[in-house]
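The file input_36.txt comes next; it holds compact mmCIF, C-alpha atoms.
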# COMPACT_ATOMS: atom_id res chain seq x y z
CA MET K 1318 0.00 0.00 0.00
CA ASP K 1319 1.26 3.48 -0.88
CA ALA K 1320 0.51 6.79 0.84
CA ALA K 1321 -2.69 7.32 -1.16
CA ASP K 1322 -3.96 3.86 -0.14
CA TRP K 1323 -3.29 4.62 3.51
CA ASP K 1324 -4.92 8.05 3.19
CA ARG K 1325 -8.07 6.34 1.94
CA ARG K 1326 -7.97 3.81 4.76
CA TYR K 1327 -7.44 6.49 7.42
CA ARG K 1328 -10.38 8.53 6.10
CA VAL K 1329 -12.81 5.77 7.11
CA GLY K 1330 -14.15 6.47 10.59
CA GLU K 1331 -12.55 8.29 13.48
CA LEU K 1332 -9.62 6.01 14.29
CA VAL K 1333 -8.52 2.89 12.44
CA TRP K 1334 -6.60 1.80 15.55
CA ARG K 1335 -7.55 2.46 19.14
CA ALA K 1336 -6.27 5.64 20.82
CA GLU K 1337 -4.30 3.84 23.53
CA PRO K 1338 -0.65 2.94 22.90
CA ASN K 1339 0.35 -0.49 21.68
CA ARG K 1340 0.55 -2.85 24.66
CA PHE K 1341 4.19 -3.79 24.06
CA VAL K 1342 5.24 -0.17 23.52
CA GLU K 1343 3.66 0.74 26.84
CA GLU K 1344 5.18 -2.22 28.66
CA GLU K 1345 8.68 -1.55 27.35
CA LEU K 1346 8.75 2.24 27.69
CA ARG K 1347 6.56 3.16 30.65
CA ASP K 1348 9.53 3.07 33.05
CA LEU K 1349 11.92 4.87 30.67
CA GLU K 1350 12.71 8.35 31.93
CA PRO K 1351 11.97 10.95 29.23
CA SER K 1352 15.19 12.52 27.99
CA GLY K 1353 14.39 15.16 25.41
CA ARG K 1354 13.39 14.25 21.89
CA ALA K 1355 11.82 11.04 20.59
CA VAL K 1356 10.87 9.98 17.08
CA ASP K 1357 7.97 7.68 16.21
CA LEU K 1358 8.56 6.25 12.74
CA ALA K 1359 5.42 5.10 10.89
CA ALA K 1360 3.43 6.94 13.55
CA GLY K 1361 0.05 6.51 11.85
CA GLU K 1362 -2.75 8.18 13.81
CA GLY K 1363 -0.35 8.97 16.64
CA ARG K 1364 -1.46 6.69 19.46
CA ASN K 1365 2.10 5.88 20.54
CA ALA K 1366 3.46 9.36 19.80
CA VAL K 1367 0.75 11.04 21.87
CA TRP K 1368 1.34 8.64 24.76
CA LEU K 1369 5.06 9.45 24.67
CA ALA K 1370 4.28 13.17 24.64
CA GLU K 1371 2.03 12.71 27.67
CA ARG K 1372 4.99 11.16 29.44
CA GLY K 1373 7.16 14.21 28.78
CA TRP K 1374 8.95 13.44 25.51
CA GLU K 1375 9.23 16.01 22.71
CA VAL K 1376 7.94 13.82 19.91
CA ASP K 1377 8.42 13.89 16.16
CA ALA K 1378 5.71 11.75 14.53
CA VAL K 1379 6.77 10.65 11.04
CA ASP K 1380 4.43 9.02 8.53
CA PHE K 1381 3.76 9.21 4.79
CA SER K 1382 -0.01 9.58 5.24
CA GLY K 1383 -1.08 13.19 5.64
CA VAL K 1384 -4.56 12.04 6.72
CA ALA K 1385 -3.06 9.95 9.53
CA LEU K 1386 -0.91 12.84 10.73
CA GLU K 1387 -3.93 15.16 10.80
CA LYS K 1388 -5.61 12.62 13.07
CA ALA K 1389 -2.47 12.46 15.20
CA GLU K 1390 -2.53 16.24 15.62
CA ARG K 1391 -6.20 16.15 16.65
CA LEU K 1392 -5.55 13.34 19.13
CA ALA K 1393 -2.65 15.30 20.61
CA ALA K 1394 -4.79 18.43 20.94
CA ASP K 1395 -7.57 16.43 22.61
CA ARG K 1396 -5.01 15.07 25.09
CA GLY K 1397 -3.43 18.50 25.72
CA VAL K 1398 0.01 17.70 24.30
CA ARG K 1399 2.00 18.71 21.24
CA LEU K 1400 3.51 16.70 18.44
CA ARG K 1401 5.76 17.75 15.60
CA THR K 1402 4.33 15.87 12.63
CA VAL K 1403 6.53 15.13 9.63
CA GLN K 1404 5.04 13.78 6.40
CA ALA K 1405 7.76 11.69 4.80
CA ASP K 1406 8.40 8.41 3.05
CA LEU K 1407 10.57 6.49 5.49
CA THR K 1408 12.58 4.97 2.66
CA ALA K 1409 13.91 8.50 2.04
CA TRP K 1410 13.67 9.95 5.57
CA THR K 1411 16.84 10.95 7.39
CA ALA K 1412 17.68 12.82 10.58
CA PRO K 1413 20.98 14.17 11.91
CA GLU K 1414 22.98 11.66 13.93
CA ALA K 1415 22.52 11.60 17.71
CA THR K 1416 19.31 13.69 17.54
CA TYR K 1417 16.99 11.59 19.69
CA GLY K 1418 16.89 9.85 23.03
CA LEU K 1419 14.36 7.35 21.69
CA ALA K 1420 13.44 5.94 18.30
CA LEU K 1421 10.25 3.87 18.07
CA ILE K 1422 9.22 1.77 15.07
CA SER K 1423 5.81 0.18 15.46
CA TYR K 1424 4.36 -2.10 12.76
CA LEU K 1425 6.35 -0.77 9.84
CA HIS K 1426 6.16 -3.41 7.11
CA LEU K 1427 8.04 -2.86 3.87
CA PRO K 1428 10.04 -5.33 1.80
CA TRP K 1429 13.11 -6.21 3.87
CA PRO K 1430 15.58 -4.49 1.47
CA GLN K 1431 13.72 -1.24 2.24
CA THR K 1432 13.17 -1.93 5.93
CA ALA K 1433 16.81 -2.63 6.82
CA PRO K 1434 18.06 0.86 5.76
CA VAL K 1435 15.24 2.49 7.74
CA LEU K 1436 16.40 0.55 10.81
CA SER K 1437 19.99 1.63 10.20
CA ARG K 1438 19.03 5.30 9.95
CA ALA K 1439 16.90 4.97 13.08
CA ALA K 1440 19.93 3.67 14.98
CA ALA K 1441 22.12 6.45 13.63
CA CYS K 1442 19.74 9.20 14.75
CA VAL K 1443 19.72 8.03 18.40
CA ARG K 1444 22.38 9.41 20.70
CA ALA K 1445 24.63 7.28 22.92
CA GLY K 1446 22.61 5.79 25.78
CA GLY K 1447 19.34 6.28 23.91
CA THR K 1448 16.75 3.58 23.29
CA LEU K 1449 15.66 1.83 20.11
CA LEU K 1450 12.40 -0.13 20.12
CA LEU K 1451 10.75 -2.06 17.30
CA VAL K 1452 7.44 -3.91 17.50
CA GLY K 1453 5.96 -5.55 14.42
CA HIS K 1454 4.31 -8.62 12.95
CA ASP K 1455 6.71 -11.54 13.22
CA ALA K 1456 7.77 -13.58 10.20
CA ALA K 1457 6.23 -16.64 11.87
CA ASN K 1458 2.80 -15.03 12.13
CA PRO K 1459 1.31 -16.17 8.77
CA ALA K 1460 2.01 -19.82 9.56
CA ARG K 1461 1.50 -19.89 13.33
CA GLY K 1462 -0.40 -16.72 14.24
CA HIS K 1463 -3.36 -14.65 13.11
CA GLY K 1464 -3.88 -11.46 11.11
CA GLY K 1465 -1.35 -8.95 9.89
CA PRO K 1466 0.42 -8.92 6.53
CA GLN K 1467 0.71 -12.29 4.85
CA ASP K 1468 3.56 -11.36 2.47
CA PRO K 1469 6.71 -12.94 3.95
CA ASP K 1470 8.88 -10.31 2.24
CA ALA K 1471 7.26 -7.60 4.40
CA LEU K 1472 7.85 -9.44 7.68
CA TYR K 1473 10.94 -9.99 9.81
CA THR K 1474 12.33 -11.93 12.73
CA PRO K 1475 13.74 -10.41 15.92
CA ARG K 1476 17.15 -11.73 14.89
CA GLN K 1477 17.05 -9.87 11.56
CA VAL K 1478 16.30 -6.58 13.30
CA ALA K 1479 18.88 -7.19 16.03
CA ASP K 1480 21.54 -7.96 13.44
CA VAL K 1481 20.96 -4.55 11.81
CA TRP K 1482 21.20 -2.70 15.12
CA ARG K 1483 24.01 -4.68 16.71
CA PRO K 1484 26.91 -2.76 15.10
CA ARG K 1485 25.68 0.46 16.74
CA ALA K 1486 23.74 -0.74 19.79
CA ASP K 1487 23.59 -3.30 22.56
CA ILE K 1488 20.59 -5.60 22.20
CA VAL K 1489 18.54 -5.71 25.41
CA ARG K 1490 15.71 -7.91 24.17
CA ALA K 1491 14.91 -9.73 20.92
CA GLU K 1492 11.90 -12.01 21.12
CA THR K 1493 8.79 -13.30 19.40
CA LEU K 1494 5.79 -12.56 21.60
CA ALA K 1495 2.20 -13.78 21.58
CA ARG K 1496 -0.56 -11.17 21.46
CA PRO K 1497 -4.21 -12.12 22.01
CA VAL K 1498 -6.58 -10.79 19.34
CA THR K 1499 -10.23 -11.29 18.45
CA ASP K 1500 -11.12 -12.11 14.86
CA SER K 1501 -14.07 -10.73 12.88
CA GLU K 1502 -16.33 -13.50 14.22
CA GLY K 1503 -15.46 -12.78 17.85
CA VAL K 1504 -13.17 -15.78 18.22
CA SER K 1505 -10.04 -15.39 20.34
CA ARG K 1506 -6.83 -15.87 18.38
CA THR K 1507 -3.12 -15.36 18.92
CA ALA K 1508 -0.92 -13.06 16.83
CA LEU K 1509 2.86 -13.33 16.88
CA ASP K 1510 4.87 -10.11 17.14
CA ALA K 1511 8.58 -9.40 16.89
CA LEU K 1512 9.99 -7.15 19.61
CA VAL K 1513 13.53 -5.80 19.69
CA ARG K 1514 14.86 -3.29 22.21
CA ALA K 1515 18.38 -1.90 22.12
CA VAL K 1516 20.53 0.79 23.70
CA ARG K 1517 22.71 2.91 21.47
CA ARG K 1518 26.44 2.78 22.19

Spit out the file's structure as structure tokens when you get a sec.
Amino acid sequence: MDAADWDRRYRVGELVWRAEPNRFVEEELRDLEPSGRAVDLAAGEGRNAVWLAERGWEVDAVDFSGVALEKAERLAADRGVRLRTVQADLTAWTAPEATYGLALISYLHLPWPQTAPVLSRAAACVRAGGTLLLVGHDAANPARGHGGPQDPDALYTPRQVADVWRPRADIVRAETLARPVTDSEGVSRTALDALVRAVRR
């Protein structure tokens, strides 16, 4: 899906996703002391970015959907916080090195040859001691989980992500995690997510 496809999807209804942060993002970052600027890459409607701003981070929310970023700005205003929204294609996005104390990537799914450079640039833009966190649909999900993209080229394993970050960062956690979901018929299912957390050296 390109930016126009996502714009169309985000125009349907108030929020495509719920307003609360992703459960794994909240679990991993709720005890992290805010330290200046954070960047949320593929921020979508801003649920994670707004939550980070509420915690005291100065957040840049980056996404290629202008419709999603407008929703993010409205959600931030409703919550009484500010975001700096940046409309950009992440395959071309860059930031100066050592800009952020936190880089978050939540459910970004591109072909791996495009994803890996985004991960590298995310690591480069985090300063020493800063945190990198990725959460996304695991490569094992189509076979053993439920929902999410079914194209294996757009999925990844925790090890793949960790291998990209390891030259610049110490890997704190790299795991496949189960996430309970409910399908369209109300049946409880299990989705498999990749989670990688690292600290920039």

Cut-off 9 Å: closest segment 1361-1424 of chain K/segment 1453-1458 of chain K atom pairs per residue, using all atoms listed in the file, as JSON lines:
{"residue": "K:Ile1422", "atom": "CA", "partner": "K:Gly1453", "partner_atom": "CA", "distance": 8.0}
{"residue": "K:Ser1423", "atom": "CA", "partner": "K:Gly1453", "partner_atom": "CA", "distance": 5.8}
{"residue": "K:Tyr1424", "atom": "CA", "partner": "K:Gly1453", "partner_atom": "CA", "distance": 4.1}

Counting only C-alpha atoms, which residues of segment 1387-1446 of chain K sit at most 12 Å from some atom of segment 1494-1515 of chain K, and what is each one's closest atom pair with its distance in Å to one decimal, listed by chain and rising residue number, as a Markdown table?
| residue | atom | partner | partner_atom | distance |
| --- | --- | --- | --- | --- |
| K:Gly1418 | CA | K:Ala1515 | CA | 11.9 |
| K:Leu1419 | CA | K:Ala1515 | CA | 10.1 |
| K:Ala1420 | CA | K:Ala1515 | CA | 10.0 |
| K:Leu1421 | CA | K:Arg1514 | CA | 9.5 |
| K:Ile1422 | CA | K:Val1513 | CA | 9.9 |
| K:Ser1423 | CA | K:Leu1512 | CA | 9.4 |
| K:Tyr1424 | CA | K:Asp1510 | CA | 9.1 |
| K:Leu1425 | CA | K:Ala1511 | CA | 11.4 |
| K:His1426 | CA | K:Ala1511 | CA | 11.7 |
| K:Leu1436 | CA | K:Val1513 | CA | 11.3 |
| K:Ala1439 | CA | K:Ala1515 | CA | 11.5 |
| K:Ala1440 | CA | K:Ala1515 | CA | 9.2 |
| K:Val1443 | CA | K:Ala1515 | CA | 10.7 |
| K:Ala1445 | CA | K:Ala1515 | CA | 11.1 |
| K:Gly1446 | CA | K:Ala1515 | CA | 9.5 |

Distance of atom CA of Glu1387 of chain K from atom CA of Ala1405 of chain K, expressed in Å to one decimal place: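 A separation of 13.6 Å between them.
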
Distance criterion (all atoms listed in the file): nearest to Arg1490 of chain K out of K:Pro1413, K:Gly1465, K:Pro1475, K:Gly1361: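 Ranking K:Pro1413, K:Gly1465, K:Pro1475, K:Gly1361 by distance to Arg1490 of chain K, first place goes to K:Pro1475.
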
Spatial neighbours of Thr1411 of chain K, 9 Å, all atoms listed in the file, chain gap at least 6 places, as a VMD selection string: chain K and resid 1435 1438 to 1439 1442

Option closest in space to Glu1344 of chain K, from K:Phe1381, K:Glu1390, K:Leu1450, K:Gly1464 [counting only C-alpha atoms]: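 Going through K:Phe1381, K:Glu1390, K:Leu1450, K:Gly1464 one by one, the smallest distance to Glu1344 of chain K is for K:Leu1450.
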
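Taking atom CA of Ala1366 of chain K as the reference point, atom CA of Tyr1473 of chain K is found at 23.0 Å.
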
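For the choices K:Leu1472, K:Ala1486, K:Val1376, K:Ala1360, the atom-to-atom distance to Trp1429 of chain K is smallest for K:Leu1472 when using all atoms listed in the file.
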
Nearest candidate to Arg1444 of chain K (options K:Leu1369, K:Ala1394, K:Ala1471, K:Val1516; using only C-alpha atoms):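 The answer is K:Val1516, which sits nearest to Arg1444 of chain K.
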